[in-house]
$ cat my_file-v6.txt   # compact mmCIF, C-alpha atoms and all ligand atoms
# COMPACT_ATOMS: atom_id res chain seq x y z
CA MET A 1 -2.33 27.54 -9.46
CA SER A 2 -4.81 24.89 -10.52
CA ILE A 3 -8.26 25.29 -9.06
CA ARG A 4 -9.15 21.77 -10.21
CA PRO A 5 -8.56 18.97 -7.76
CA THR A 6 -5.21 17.24 -8.12
CA ALA A 7 -4.33 13.56 -8.18
CA TYR A 8 -1.37 11.22 -7.90
CA GLU A 9 -1.56 8.11 -10.08
CA PHE A 10 0.49 5.21 -8.71
CA PHE A 11 1.07 2.02 -10.74
CA ALA A 12 -0.14 4.17 -13.62
CA GLY A 13 0.56 1.80 -16.53
CA GLY A 14 -0.58 3.53 -19.70
CA GLY A 15 -2.43 6.14 -17.65
CA LEU A 16 -6.01 4.95 -18.18
CA ALA A 17 -7.05 5.86 -14.64
CA GLY A 18 -6.05 9.44 -15.39
CA LEU A 19 -8.05 9.39 -18.63
CA GLY A 20 -11.11 8.45 -16.60
CA MET A 21 -10.54 11.00 -13.83
CA ALA A 22 -11.94 13.84 -15.91
CA GLY A 23 -11.98 17.05 -13.90
CA LEU A 24 -8.83 16.19 -11.91
CA ASP A 25 -5.26 17.10 -12.82
CA THR A 26 -2.67 14.37 -12.38
CA ILE A 27 0.36 16.08 -10.85
CA PHE A 28 2.47 12.94 -10.38
CA ALA A 29 2.46 9.41 -11.79
CA ASN A 30 4.74 6.38 -11.53
CA ASP A 31 5.24 2.90 -12.89
CA MET A 32 8.32 0.71 -12.75
CA ASP A 33 7.88 -0.98 -16.13
CA ALA A 34 9.81 0.50 -19.08
CA ALA A 35 7.18 -0.32 -21.73
CA LYS A 36 4.40 1.11 -19.58
CA ALA A 37 6.51 4.19 -18.94
CA ARG A 38 6.94 4.75 -22.69
CA ALA A 39 3.21 4.44 -23.25
CA PHE A 40 2.44 6.80 -20.37
CA VAL A 41 4.84 9.49 -21.53
CA ALA A 42 3.71 9.21 -25.16
CA ASN A 43 0.10 9.77 -24.14
CA HIS A 44 0.48 12.23 -21.25
CA PRO A 45 3.47 14.36 -22.24
CA GLY A 46 2.64 17.13 -19.76
CA THR A 47 2.25 14.92 -16.70
CA PRO A 48 5.21 14.52 -14.31
CA PHE A 49 6.08 10.81 -14.43
CA ARG A 50 8.73 8.69 -12.70
CA GLN A 51 9.69 5.23 -13.92
CA VAL A 52 10.54 3.75 -10.55
CA ASP A 53 9.57 1.00 -8.14
CA VAL A 54 7.11 2.45 -5.64
CA TRP A 55 9.46 1.32 -2.87
CA GLY A 56 12.12 3.59 -4.39
CA LEU A 57 10.01 6.73 -3.82
CA THR A 58 9.99 8.97 -0.77
CA VAL A 59 7.54 11.72 0.10
CA GLU A 60 10.15 14.27 -1.04
CA ASP A 61 9.61 12.94 -4.57
CA LEU A 62 5.90 13.79 -4.39
CA PRO A 63 4.93 17.33 -5.38
CA GLY A 64 2.36 19.60 -3.73
CA ARG A 65 -0.63 18.46 -1.76
CA PRO A 66 -2.77 16.01 -3.72
CA ASP A 67 -6.52 15.92 -3.25
CA LEU A 68 -6.63 12.29 -4.32
CA ALA A 69 -4.25 9.36 -4.66
CA TRP A 70 -5.07 6.51 -7.03
CA ALA A 71 -3.33 3.13 -6.79
CA SER A 72 -3.86 0.38 -9.35
CA SER A 73 -1.53 -1.85 -7.42
CA PRO A 74 -0.47 -5.09 -9.10
CA CYS A 75 -2.93 -7.90 -8.77
CA GLN A 76 -0.97 -11.03 -9.67
CA ASP A 77 -0.86 -12.38 -6.14
CA VAL A 78 -4.47 -11.68 -5.29
CA SER A 79 -5.94 -12.63 -8.64
CA LEU A 80 -8.43 -15.46 -8.87
CA ALA A 81 -6.73 -16.24 -12.18
CA GLY A 82 -3.32 -16.77 -10.64
CA ALA A 83 -1.60 -18.23 -7.63
CA ARG A 84 -2.73 -16.73 -4.36
CA GLY A 85 0.28 -15.57 -2.42
CA GLY A 86 -1.74 -12.74 -0.90
CA LEU A 87 -0.97 -9.08 -0.33
CA GLU A 88 2.00 -9.80 1.87
CA ALA A 89 3.72 -11.68 -0.93
CA GLY A 90 6.03 -10.29 -3.56
CA ARG A 91 4.46 -7.95 -6.05
CA SER A 92 1.21 -7.23 -4.28
CA GLY A 93 3.31 -6.04 -1.39
CA ALA A 94 3.62 -2.98 -3.62
CA PHE A 95 0.38 -1.75 -2.02
CA TRP A 96 2.32 -1.27 1.20
CA GLY A 97 5.02 0.61 -0.67
CA PHE A 98 2.25 2.97 -1.73
CA TRP A 99 0.57 3.14 1.67
CA ARG A 100 3.82 4.06 3.40
CA LEU A 101 3.90 7.16 1.15
CA MET A 102 0.33 8.07 2.16
CA GLN A 103 1.39 7.86 5.80
CA GLY A 104 4.41 10.05 5.09
CA LEU A 105 2.24 12.66 3.38
CA GLU A 106 -0.20 12.64 6.28
CA ALA A 107 2.64 13.21 8.72
CA GLU A 108 3.56 16.32 6.72
CA GLY A 109 -0.03 17.58 6.61
CA ARG A 110 -0.25 16.70 2.89
CA GLY A 111 -2.40 13.58 3.13
CA PRO A 112 -4.99 13.24 0.33
CA ARG A 113 -8.65 13.59 1.15
CA VAL A 114 -9.49 10.60 -1.06
CA VAL A 115 -7.55 7.39 -1.74
CA VAL A 116 -8.67 4.79 -4.29
CA LEU A 117 -7.27 1.29 -4.61
CA GLU A 118 -8.19 -0.59 -7.78
CA ASN A 119 -7.72 -4.33 -7.71
CA VAL A 120 -9.08 -7.67 -8.82
CA ILE A 121 -12.12 -9.21 -7.14
CA GLY A 122 -9.83 -11.88 -5.66
CA LEU A 123 -8.72 -9.27 -3.11
CA LEU A 124 -12.02 -9.86 -1.30
CA THR A 125 -11.12 -13.44 -0.44
CA SER A 126 -7.34 -13.85 -0.78
CA GLY A 127 -5.64 -14.97 2.42
CA GLN A 128 -9.08 -15.97 3.80
CA GLY A 129 -10.07 -12.30 3.64
CA ARG A 130 -6.99 -11.08 5.49
CA ASP A 131 -5.71 -8.99 2.58
CA PHE A 132 -8.96 -7.06 2.21
CA ALA A 133 -9.17 -6.60 5.98
CA ALA A 134 -5.55 -5.35 6.08
CA VAL A 135 -6.17 -2.75 3.38
CA CYS A 136 -9.43 -1.53 4.96
CA THR A 137 -7.89 -1.49 8.45
CA ALA A 138 -4.96 0.64 7.27
CA MET A 139 -7.38 3.14 5.72
CA ALA A 140 -9.73 3.19 8.72
CA GLU A 141 -6.84 3.66 11.17
CA ALA A 142 -5.69 6.64 9.10
CA GLY A 143 -9.06 8.29 9.77
CA TYR A 144 -10.80 7.55 6.47
CA ALA A 145 -14.33 6.31 5.92
CA VAL A 146 -13.83 3.16 3.83
CA GLY A 147 -16.09 1.48 1.32
CA ALA A 148 -15.76 -0.64 -1.77
CA LEU A 149 -17.58 -1.10 -5.06
CA GLU A 150 -17.48 -3.97 -7.51
CA MET A 151 -17.77 -2.44 -10.95
CA ASP A 152 -17.95 -4.48 -14.13
CA ALA A 153 -16.82 -2.73 -17.31
CA ALA A 154 -19.64 -4.60 -19.07
CA HIS A 155 -22.06 -1.92 -17.85
CA TRP A 156 -20.33 0.53 -20.17
CA LEU A 157 -18.30 -1.48 -22.67
CA PRO A 158 -18.51 -4.82 -24.50
CA GLN A 159 -16.06 -6.46 -22.11
CA SER A 160 -16.78 -8.49 -19.00
CA ARG A 161 -14.26 -7.07 -16.53
CA PRO A 162 -15.32 -7.00 -12.89
CA ARG A 163 -12.91 -5.04 -10.71
CA LEU A 164 -12.85 -3.92 -7.09
CA PHE A 165 -12.50 -0.26 -6.13
CA VAL A 166 -11.79 0.47 -2.48
CA ALA A 167 -12.42 4.15 -1.80
CA ALA A 168 -11.24 5.89 1.37
CA VAL A 169 -12.66 9.36 2.00
CA LYS A 170 -12.17 12.05 4.63
CA GLY A 171 -15.31 14.19 4.76
CA GLU A 172 -18.66 13.88 3.04
CA ALA A 173 -19.38 11.67 0.03
CA PRO A 174 -22.54 10.10 -1.41
CA ARG A 175 -23.42 7.07 0.68
CA ALA A 176 -26.42 4.89 1.42
CA ASP A 177 -27.59 3.17 4.60
CA GLY A 178 -26.83 -0.25 3.22
CA PRO A 179 -25.62 -2.15 0.18
CA SER A 180 -27.34 -1.84 -3.16
CA ALA A 181 -27.03 -3.56 -6.55
CA PRO A 182 -25.20 -3.65 -8.82
CA PHE A 183 -22.02 -2.26 -7.21
CA HIS A 184 -22.37 -4.01 -3.86
CA SER A 185 -22.22 -7.60 -4.98
CA ALA A 186 -22.99 -10.62 -2.81
CA ARG A 187 -19.27 -11.39 -2.52
CA LEU A 188 -18.51 -7.82 -1.46
CA ILE A 189 -21.28 -7.94 1.15
CA ALA A 190 -19.83 -11.24 2.41
CA ALA A 191 -16.34 -9.74 2.60
CA HIS A 192 -17.69 -6.76 4.56
CA ALA A 193 -19.32 -9.16 7.01
CA ARG A 194 -15.91 -10.72 7.72
CA LEU A 195 -14.22 -7.38 8.52
CA PRO A 196 -13.17 -6.55 12.09
CA GLU A 197 -15.75 -4.50 14.04
CA ALA A 198 -13.46 -1.45 14.16
CA VAL A 199 -13.32 -1.40 10.35
CA LYS A 200 -17.08 -1.90 10.07
CA ALA A 201 -17.46 1.20 12.25
CA ALA A 202 -15.54 3.18 9.60
CA TRP A 203 -17.34 1.51 6.70
CA ALA A 204 -19.43 3.42 4.13
CA TRP A 205 -21.73 1.94 1.49
CA TRP A 206 -20.74 4.41 -1.21
CA SER A 207 -23.61 5.18 -3.50
CA LEU A 208 -23.25 5.61 -7.24
CA PRO A 209 -25.92 6.33 -9.84
CA GLN A 210 -27.19 3.25 -11.66
CA PRO A 211 -25.11 2.56 -14.76
CA PRO A 212 -26.70 3.31 -18.13
CA ARG A 213 -27.80 0.54 -20.46
CA ARG A 214 -24.76 -0.46 -22.48
CA ASN A 215 -25.31 0.56 -26.11
CA LEU A 216 -22.18 -0.92 -27.63
CA ASP A 217 -21.53 -4.52 -28.47
CA LEU A 218 -18.40 -6.39 -29.46
CA ALA A 219 -18.99 -6.06 -33.22
CA ALA A 220 -19.01 -2.26 -32.89
CA VAL A 221 -15.37 -2.09 -31.73
CA LEU A 222 -13.93 -4.49 -34.30
CA GLU A 223 -11.97 -3.64 -37.43
CA PRO A 224 -13.64 -4.30 -40.80
CA ASP A 225 -13.17 -7.96 -41.84
CA ALA A 226 -11.09 -6.97 -44.85
CA ALA A 227 -8.61 -4.94 -42.77
CA VAL A 228 -7.35 -7.79 -40.59
CA ALA A 229 -5.48 -11.05 -41.11
CA TRP A 230 -7.50 -14.24 -40.51
CA LEU A 231 -6.02 -17.57 -39.47
CA ASP A 232 -5.35 -19.87 -42.41
CA ASP A 233 -6.29 -22.93 -40.41
CA PRO A 234 -9.07 -21.99 -37.94
CA GLU A 235 -9.92 -25.68 -37.45
CA ALA A 236 -6.72 -26.23 -35.48
CA ILE A 237 -7.66 -23.73 -32.84
CA LEU A 238 -11.40 -24.48 -32.91
CA ALA A 239 -10.50 -28.08 -32.06
CA LEU A 240 -9.42 -26.80 -28.62
CA ALA A 241 -13.01 -25.87 -27.76
CA ALA A 242 -14.79 -28.07 -25.23
CA PRO A 243 -18.16 -29.60 -26.27
CA LEU A 244 -20.22 -26.75 -24.78
CA HIS A 245 -18.21 -24.22 -26.78
CA GLN A 246 -18.38 -26.35 -29.94
CA ALA A 247 -22.15 -26.32 -29.48
CA ARG A 248 -22.13 -22.52 -29.36
CA ILE A 249 -20.40 -22.43 -32.74
CA ALA A 250 -22.87 -24.92 -34.17
CA ALA A 251 -25.76 -22.77 -32.90
CA ALA A 252 -24.23 -19.62 -34.36
CA LEU A 253 -23.77 -21.32 -37.73
CA GLY A 254 -27.29 -22.73 -37.53
CA SER A 255 -28.78 -19.28 -36.99
CA GLY A 256 -27.92 -18.34 -40.58
CA GLN A 257 -27.00 -14.85 -39.29
CA ARG A 258 -23.56 -13.30 -39.22
CA THR A 259 -22.57 -13.88 -35.60
CA VAL A 260 -19.53 -12.31 -33.99
CA GLY A 261 -17.98 -13.79 -30.88
CA ALA A 262 -14.92 -13.57 -28.69
CA ALA A 263 -12.69 -16.46 -27.75
CA TYR A 264 -9.93 -16.93 -25.25
CA ARG A 265 -7.26 -19.59 -25.48
CA ARG A 266 -5.95 -20.64 -22.11
CA VAL A 267 -4.47 -23.55 -20.24
CA ARG A 268 -6.86 -25.41 -17.96
CA ILE A 269 -6.29 -28.29 -15.61
CA GLU A 270 -8.61 -31.16 -16.53
CA HIS A 271 -8.38 -34.51 -14.73
CA GLY A 272 -5.04 -33.43 -13.26
CA ARG A 273 -3.62 -32.60 -16.69
CA LYS A 274 -2.84 -29.26 -18.33
CA VAL A 275 -4.86 -28.84 -21.50
CA GLN A 276 -5.19 -25.94 -23.92
CA ARG A 277 -8.78 -24.80 -24.26
CA LEU A 278 -10.58 -22.29 -26.43
CA GLU A 279 -13.49 -20.62 -24.62
CA ILE A 280 -16.00 -18.96 -26.94
CA ARG A 281 -18.86 -16.59 -26.19
CA PHE A 282 -21.43 -15.01 -28.50
CA ASP A 283 -23.19 -12.73 -26.00
CA GLY A 284 -21.91 -9.46 -27.48
CA LEU A 285 -19.10 -9.23 -24.91
CA ALA A 286 -15.43 -10.04 -24.92
CA GLY A 287 -14.11 -11.96 -21.94
CA CYS A 288 -11.85 -10.10 -19.55
CA LEU A 289 -8.69 -8.93 -21.31
CA ARG A 290 -5.69 -10.28 -19.45
CA THR A 291 -1.97 -10.17 -19.58
CA PRO A 292 -0.77 -13.47 -20.95
CA ALA A 293 1.49 -14.98 -18.29
CA GLY A 294 2.98 -17.46 -20.74
CA GLY A 295 2.92 -17.45 -24.50
CA SER A 296 -0.26 -19.43 -24.95
CA SER A 297 -3.15 -17.35 -23.60
CA ARG A 298 -4.62 -15.15 -26.25
CA GLN A 299 -7.84 -13.40 -27.24
CA TYR A 300 -9.47 -14.18 -30.58
CA VAL A 301 -12.36 -12.95 -32.66
CA VAL A 302 -14.66 -15.62 -34.14
CA VAL A 303 -17.07 -14.84 -36.95
CA CYS A 304 -19.69 -17.34 -38.13
CA ASP A 305 -21.25 -16.38 -41.43
CA GLN A 306 -22.76 -18.23 -44.38
CA GLY A 307 -21.80 -21.65 -43.04
CA ARG A 308 -18.18 -20.66 -42.45
CA VAL A 309 -16.23 -19.98 -39.25
CA ARG A 310 -13.35 -17.54 -39.39
CA VAL A 311 -10.95 -16.86 -36.54
CA ARG A 312 -8.31 -14.20 -35.96
CA ARG A 313 -6.41 -12.60 -33.14
CA LEU A 314 -7.86 -9.58 -31.38
CA THR A 315 -5.75 -6.54 -32.28
CA GLY A 316 -4.18 -4.12 -29.81
CA ARG A 317 -6.39 -1.32 -31.12
CA GLU A 318 -9.51 -3.42 -30.59
CA ALA A 319 -8.33 -4.21 -27.05
CA ALA A 320 -7.90 -0.48 -26.45
CA ARG A 321 -11.46 0.16 -27.62
CA LEU A 322 -12.65 -2.57 -25.26
CA MET A 323 -11.07 -0.52 -22.47
CA GLY A 324 -12.87 2.63 -23.60
CA VAL A 325 -9.75 4.25 -25.01
CA SER A 326 -10.13 6.55 -28.02
CA ASN A 327 -8.41 5.87 -31.32
CA ALA A 328 -6.19 8.88 -30.64
CA TYR A 329 -4.37 6.95 -27.90
CA ARG A 330 -0.84 6.07 -29.02
CA LEU A 331 -0.31 2.33 -28.66
CA PRO A 332 3.09 0.63 -28.66
CA ALA A 333 4.16 -0.50 -32.13
CA SER A 334 4.34 -4.13 -31.06
CA GLU A 335 0.97 -5.91 -30.95
CA SER A 336 1.96 -7.98 -27.94
CA ALA A 337 3.07 -4.85 -26.01
CA ALA A 338 -0.24 -3.15 -26.88
CA LEU A 339 -2.23 -6.18 -25.72
CA LYS A 340 -0.23 -6.37 -22.50
CA LEU A 341 -0.72 -2.66 -21.84
CA MET A 342 -4.48 -2.95 -22.26
CA GLY A 343 -4.77 -6.31 -20.48
CA ASP A 344 -3.33 -4.70 -17.34
CA ALA A 345 -5.31 -1.50 -17.50
CA VAL A 346 -8.44 -0.12 -15.90
CA ALA A 347 -11.44 0.60 -18.12
CA VAL A 348 -11.80 4.34 -18.69
CA PRO A 349 -15.63 4.71 -18.45
CA VAL A 350 -15.61 2.80 -15.15
CA VAL A 351 -13.15 5.30 -13.67
CA ARG A 352 -15.21 8.12 -15.14
CA ALA A 353 -18.41 6.84 -13.50
CA LEU A 354 -16.60 6.50 -10.17
CA THR A 355 -15.10 9.97 -10.56
CA GLU A 356 -18.37 11.68 -11.42
CA GLY A 357 -20.51 9.76 -8.95
CA LEU A 358 -18.22 9.60 -5.92
CA LEU A 359 -14.76 11.15 -6.19
CA LEU A 360 -15.66 14.66 -7.42
CA PRO A 361 -18.57 14.93 -4.94
CA ALA A 362 -16.18 13.81 -2.19
CA LEU A 363 -13.75 16.56 -3.22
CA ALA A 364 -16.39 19.24 -3.74
CA GLY A 365 -16.02 20.63 -0.22
CA ARG A 366 -12.25 20.43 -0.18
CA ARG A 367 -11.45 24.08 -0.66
CA ALA A 368 -13.92 25.20 1.98
CA ALA A 369 -12.51 22.63 4.40
CA ALA A 370 -8.86 23.29 3.56
C1 LIG A 401 -2.76 -3.45 -12.86
S1 LIG A 401 -1.51 -2.53 -13.65
C2 LIG A 401 -2.22 -0.91 -13.59
C3 LIG A 401 -2.39 -0.25 -14.92
C4 LIG A 401 -3.03 1.11 -14.97
N1 LIG A 401 -4.12 1.31 -14.06
C5 LIG A 401 -3.52 1.36 -16.37
O1 LIG A 401 -4.68 1.69 -16.52
O2 LIG A 401 -2.78 1.18 -17.33
C6 LIG A 401 -0.29 -2.48 -12.41
C7 LIG A 401 0.94 -1.67 -12.79
O3 LIG A 401 1.81 -1.62 -11.67
C8 LIG A 401 3.16 -1.63 -12.12
N2 LIG A 401 3.97 -2.08 -10.98
C9 LIG A 401 4.02 -3.31 -10.44
N3 LIG A 401 4.79 -3.33 -9.34
C10 LIG A 401 5.25 -2.06 -9.18
C11 LIG A 401 6.09 -1.43 -8.23
N4 LIG A 401 6.63 -2.12 -7.23
N5 LIG A 401 6.36 -0.12 -8.37
C12 LIG A 401 5.83 0.58 -9.41
N6 LIG A 401 5.03 0.05 -10.35
C13 LIG A 401 4.73 -1.26 -10.23
C14 LIG A 401 3.13 -2.57 -13.32
O4 LIG A 401 4.19 -2.26 -14.20
C15 LIG A 401 1.75 -2.29 -13.92
O5 LIG A 401 1.82 -1.35 -14.96
$ encode --input "my_file-v6.txt" --output "C-alpha cells"
Amino acid sequence: MSIRPTAYEFFAGGGLAGLGMAGLDTIFANDMDAAKARAFVANHPGTPFRQVDVWGLTVEDLPGRPDLAWASSPCQDVSLAGARGGLEAGRSGAFWGFWRLMQGLEAEGRGPRVVVLENVIGLLTSGQGRDFAAVCTAMAEAGYAVGALEMDAAHWLPQSRPRLFVAAVKGEAPRADGPSAPFHSARLIAAHARLPEAVKAAWAWWSLPQPPRRNLDLAAVLEPDAAVAWLDDPEAILALAAPLHQARIAAALGSGQRTVGAAYRRVRIEHGRKVQRLEIRFDGLAGCLRTPAGGSSRQYVVVCDQGRVRVRRLTGREAARLMGVSNAYRLPASESAALKLMGDAVAVPVVRALTEGLLLPALAGRRAAA
C-alpha cells in the first residue's frame, strides 16, 4: 500500500496538475475529451484513467480513499475572455457533477481531506459573485476551511497566466491572519468581502512562501531560429497591430538589439465592429495561452533584429515549455491539438508551489488523524 498521499484528478486534460503534485500518487483521473484522453494515457500510462463525462461517474467508479481531489473544471462560462453564463450554465455546471461525487464519498466515509478547484479569475465575479459564493458555500457546508489564491504562472515561467485556486481543507494547513501579496489580490479580497457571513466564518487566508524571482524569459523556451518556419509575408499580420503595438515594434527595431516578443491574434470589438487585432508584447513574457474558440486566435513569436521583423507561429513544444512541461512530455502529433492541450492546461510549477507550500503540509497529519 502506498504511504504517499493519494489524489483524484478530475477534468485532468493532459495531466499537468498531476505533474505538479509531486509527492502525491494519482489513483484516478478523468476527462471526457478523446484527444485529452490520448494525451493523458500516453504520458501517465500507469494511472487509472476514465474517458467519461463527470456526470457519468458514480462513487463506485472511484477507488480507495483519496487524500486529495483536484478539479480543473471547465472555465468557458466563467471566463473573462468568453461569454458569462455562470457556473449554473452548461459546461461549468461540470463543477457540480464533481461536487456531487465529493458528497457521495463523504457519505461513505471516504471524503478527501483536501479539495482544490482550479479556475479562471472570472470565477470571482461571474454571476455578480454568485458562482464563487456557491462554490465556497458548498465547501464550507461540507465542513472544510475554505480559502483561495490567485497565482500567476509569470512568477515561475515566461507566461502571464493568472489563475484562481480554491482550496478546501479539513484540519491544519499554513494560514495567515489576513490577506497578503501576491497571492491574495485586490480582486480576491473584494470577492471575499462579498461572501455570505457563514462562508467568511469558514474562510482561511492560506499562506504560501513568496515565489522566487523568475529566471527564465520567453527567448529561453523558443526553438532556434533556423529550426522553425517563418511567415513569408509578416507584413500582412503586422498590419493587424493597433498603433500602440506598432509603436512597440518600432521601438524594438530602434533599439538595434535582437528583441524577441510574443503576439496574439484575436478578434476584438471596436466601435461595434469585429476586427482582427495583433497584440504584441516585448516584456519577456508570452500572453496567456488559450484555446482558440474559432480558427483565428493564435499565438505568434515576433523577432526584431538588424532592422527586420520576422514572425512565426508559436509551436506546440514551445507552448508546453511555457506551461513548465519537460521536453520528455509526449505531445499530440498535430500542432493544433498540442496547442489546444496546452492552452487548456494548468502550469506545472504553479501546482508544484501550491503542493509544496499548502497541500502537502495540509496532508502531513493525515495518517495520525486517520
Ligand atoms: C481547463 S481544462 C483542464 C486541463 C488540465 N488541468 C490540464 O492541465 O491539462 C478542463 C478539462 O475538462 C474537460 N471537461 C469539460 N467538461 C467535462 C465533463 N463534463 N466531464 C469530464 N471532463 C470535462 C475538458 O475536456 C478539459 O480537458
$ closest_residue --input "my_file-v6.txt" --among "A:Ser334, A:Asn119, A:Ser126, A:Thr137" --to "ligand LIG 401 (chain A)" --atoms "all atoms listed in the file"
A:Asn119
$ atom_distance --input "my_file-v6.txt" --atom1 "atom CA of Gly129 of chain A" --atom2 "atom O5 of ligand LIG 401 (chain A)"
24.6 Å
$ closest_residue --input "my_file-v6.txt" --among "A:Ala338, A:Ala220, A:Val325, A:Ala202" --to "Val351 of chain A" --atoms "all atoms listed in the file"
A:Val325
$ residues_near_ligand --input "my_file-v6.txt" --ligand "ligand LIG 401 (chain A)" --cutoff "7 Å" --atoms "only C-alpha atoms and all ligand atoms" --output "CSV table (one decimal) with C-alpha atoms, in the coordinates of the input"
chain,number,residue,atom,x,y,z
A,11,PHE,CA,1.1,2.0,-10.7
A,12,ALA,CA,-0.1,4.2,-13.6
A,13,GLY,CA,0.6,1.8,-16.5
A,14,GLY,CA,-0.6,3.5,-19.7
A,15,GLY,CA,-2.4,6.1,-17.6
A,16,LEU,CA,-6.0,5.0,-18.2
A,17,ALA,CA,-7.0,5.9,-14.6
A,30,ASN,CA,4.7,6.4,-11.5
A,31,ASP,CA,5.2,2.9,-12.9
A,32,MET,CA,8.3,0.7,-12.8
A,33,ASP,CA,7.9,-1.0,-16.1
A,36,LYS,CA,4.4,1.1,-19.6
A,52,VAL,CA,10.5,3.8,-10.6
A,53,ASP,CA,9.6,1.0,-8.1
A,54,VAL,CA,7.1,2.4,-5.6
A,55,TRP,CA,9.5,1.3,-2.9
A,72,SER,CA,-3.9,0.4,-9.4
A,73,SER,CA,-1.5,-1.8,-7.4
A,74,PRO,CA,-0.5,-5.1,-9.1
A,75,CYS,CA,-2.9,-7.9,-8.8
A,91,ARG,CA,4.5,-8.0,-6.0
A,94,ALA,CA,3.6,-3.0,-3.6
A,341,LEU,CA,-0.7,-2.7,-21.8
A,342,MET,CA,-4.5,-3.0,-22.3
A,344,ASP,CA,-3.3,-4.7,-17.3
A,345,ALA,CA,-5.3,-1.5,-17.5
A,346,VAL,CA,-8.4,-0.1,-15.9
$ closest_residue --input "my_file-v6.txt" --among "A:Ala37, A:Leu358, A:Met102, A:Leu339" --to "Ala69 of chain A" --atoms "only C-alpha atoms"
A:Met102
$ build_atoms --input "my_file-v6.txt" --residues "segment 279-285 of chain A" --atoms "all heavy atoms" --output "short mmCIF file (atom, residue, chain, number, x, y, z; two decimals), in the coordinates of the input"
data_model
loop_
_atom_site.label_atom_id
_atom_site.label_comp_id
_atom_site.auth_asym_id
_atom_site.auth_seq_id
_atom_site.Cartn_x
_atom_site.Cartn_y
_atom_site.Cartn_z
N GLU A 279 -12.18 -20.93 -25.19
CA GLU A 279 -13.49 -20.62 -24.62
C GLU A 279 -14.15 -19.54 -25.47
O GLU A 279 -13.55 -18.49 -25.70
CB GLU A 279 -13.32 -20.14 -23.17
CG GLU A 279 -12.70 -21.23 -22.31
CD GLU A 279 -12.32 -20.76 -20.92
OE1 GLU A 279 -12.39 -19.55 -20.65
OE2 GLU A 279 -11.96 -21.63 -20.12
N ILE A 280 -15.34 -19.84 -25.95
CA ILE A 280 -16.00 -18.96 -26.94
C ILE A 280 -17.30 -18.42 -26.37
O ILE A 280 -18.04 -19.15 -25.71
CB ILE A 280 -16.30 -19.74 -28.24
CG1 ILE A 280 -15.03 -20.43 -28.73
CG2 ILE A 280 -16.84 -18.81 -29.32
CD1 ILE A 280 -15.27 -21.42 -29.85
N ARG A 281 -17.57 -17.16 -26.61
CA ARG A 281 -18.86 -16.59 -26.19
C ARG A 281 -19.43 -15.74 -27.33
O ARG A 281 -18.69 -15.07 -28.07
CB ARG A 281 -18.70 -15.77 -24.91
CG ARG A 281 -17.72 -14.64 -25.00
CD ARG A 281 -17.34 -14.11 -23.63
NE ARG A 281 -18.46 -13.49 -22.95
CZ ARG A 281 -18.45 -13.16 -21.65
NH1 ARG A 281 -17.38 -13.42 -20.91
NH2 ARG A 281 -19.49 -12.59 -21.10
N PHE A 282 -20.75 -15.78 -27.44
CA PHE A 282 -21.43 -15.01 -28.50
C PHE A 282 -22.49 -14.10 -27.87
O PHE A 282 -23.57 -13.94 -28.40
CB PHE A 282 -22.12 -15.96 -29.49
CG PHE A 282 -21.16 -16.71 -30.37
CD1 PHE A 282 -20.88 -18.05 -30.13
CD2 PHE A 282 -20.53 -16.10 -31.45
CE1 PHE A 282 -20.01 -18.75 -30.94
CE2 PHE A 282 -19.65 -16.80 -32.27
CZ PHE A 282 -19.39 -18.13 -32.02
N ASP A 283 -22.19 -13.55 -26.69
CA ASP A 283 -23.19 -12.73 -26.00
C ASP A 283 -22.95 -11.23 -26.18
O ASP A 283 -23.47 -10.41 -25.43
CB ASP A 283 -23.21 -13.09 -24.50
CG ASP A 283 -21.85 -12.87 -23.84
OD1 ASP A 283 -20.89 -12.53 -24.56
OD2 ASP A 283 -21.74 -13.04 -22.61
N GLY A 284 -22.15 -10.88 -27.21
CA GLY A 284 -21.91 -9.46 -27.48
C GLY A 284 -20.80 -8.87 -26.63
O GLY A 284 -20.51 -7.67 -26.71
N LEU A 285 -20.18 -9.70 -25.78
CA LEU A 285 -19.10 -9.23 -24.91
C LEU A 285 -17.83 -9.99 -25.21
O LEU A 285 -17.86 -11.15 -25.59
CB LEU A 285 -19.44 -9.50 -23.43
CG LEU A 285 -20.62 -8.80 -22.79
CD1 LEU A 285 -20.79 -9.31 -21.37
CD2 LEU A 285 -20.43 -7.30 -22.80
#
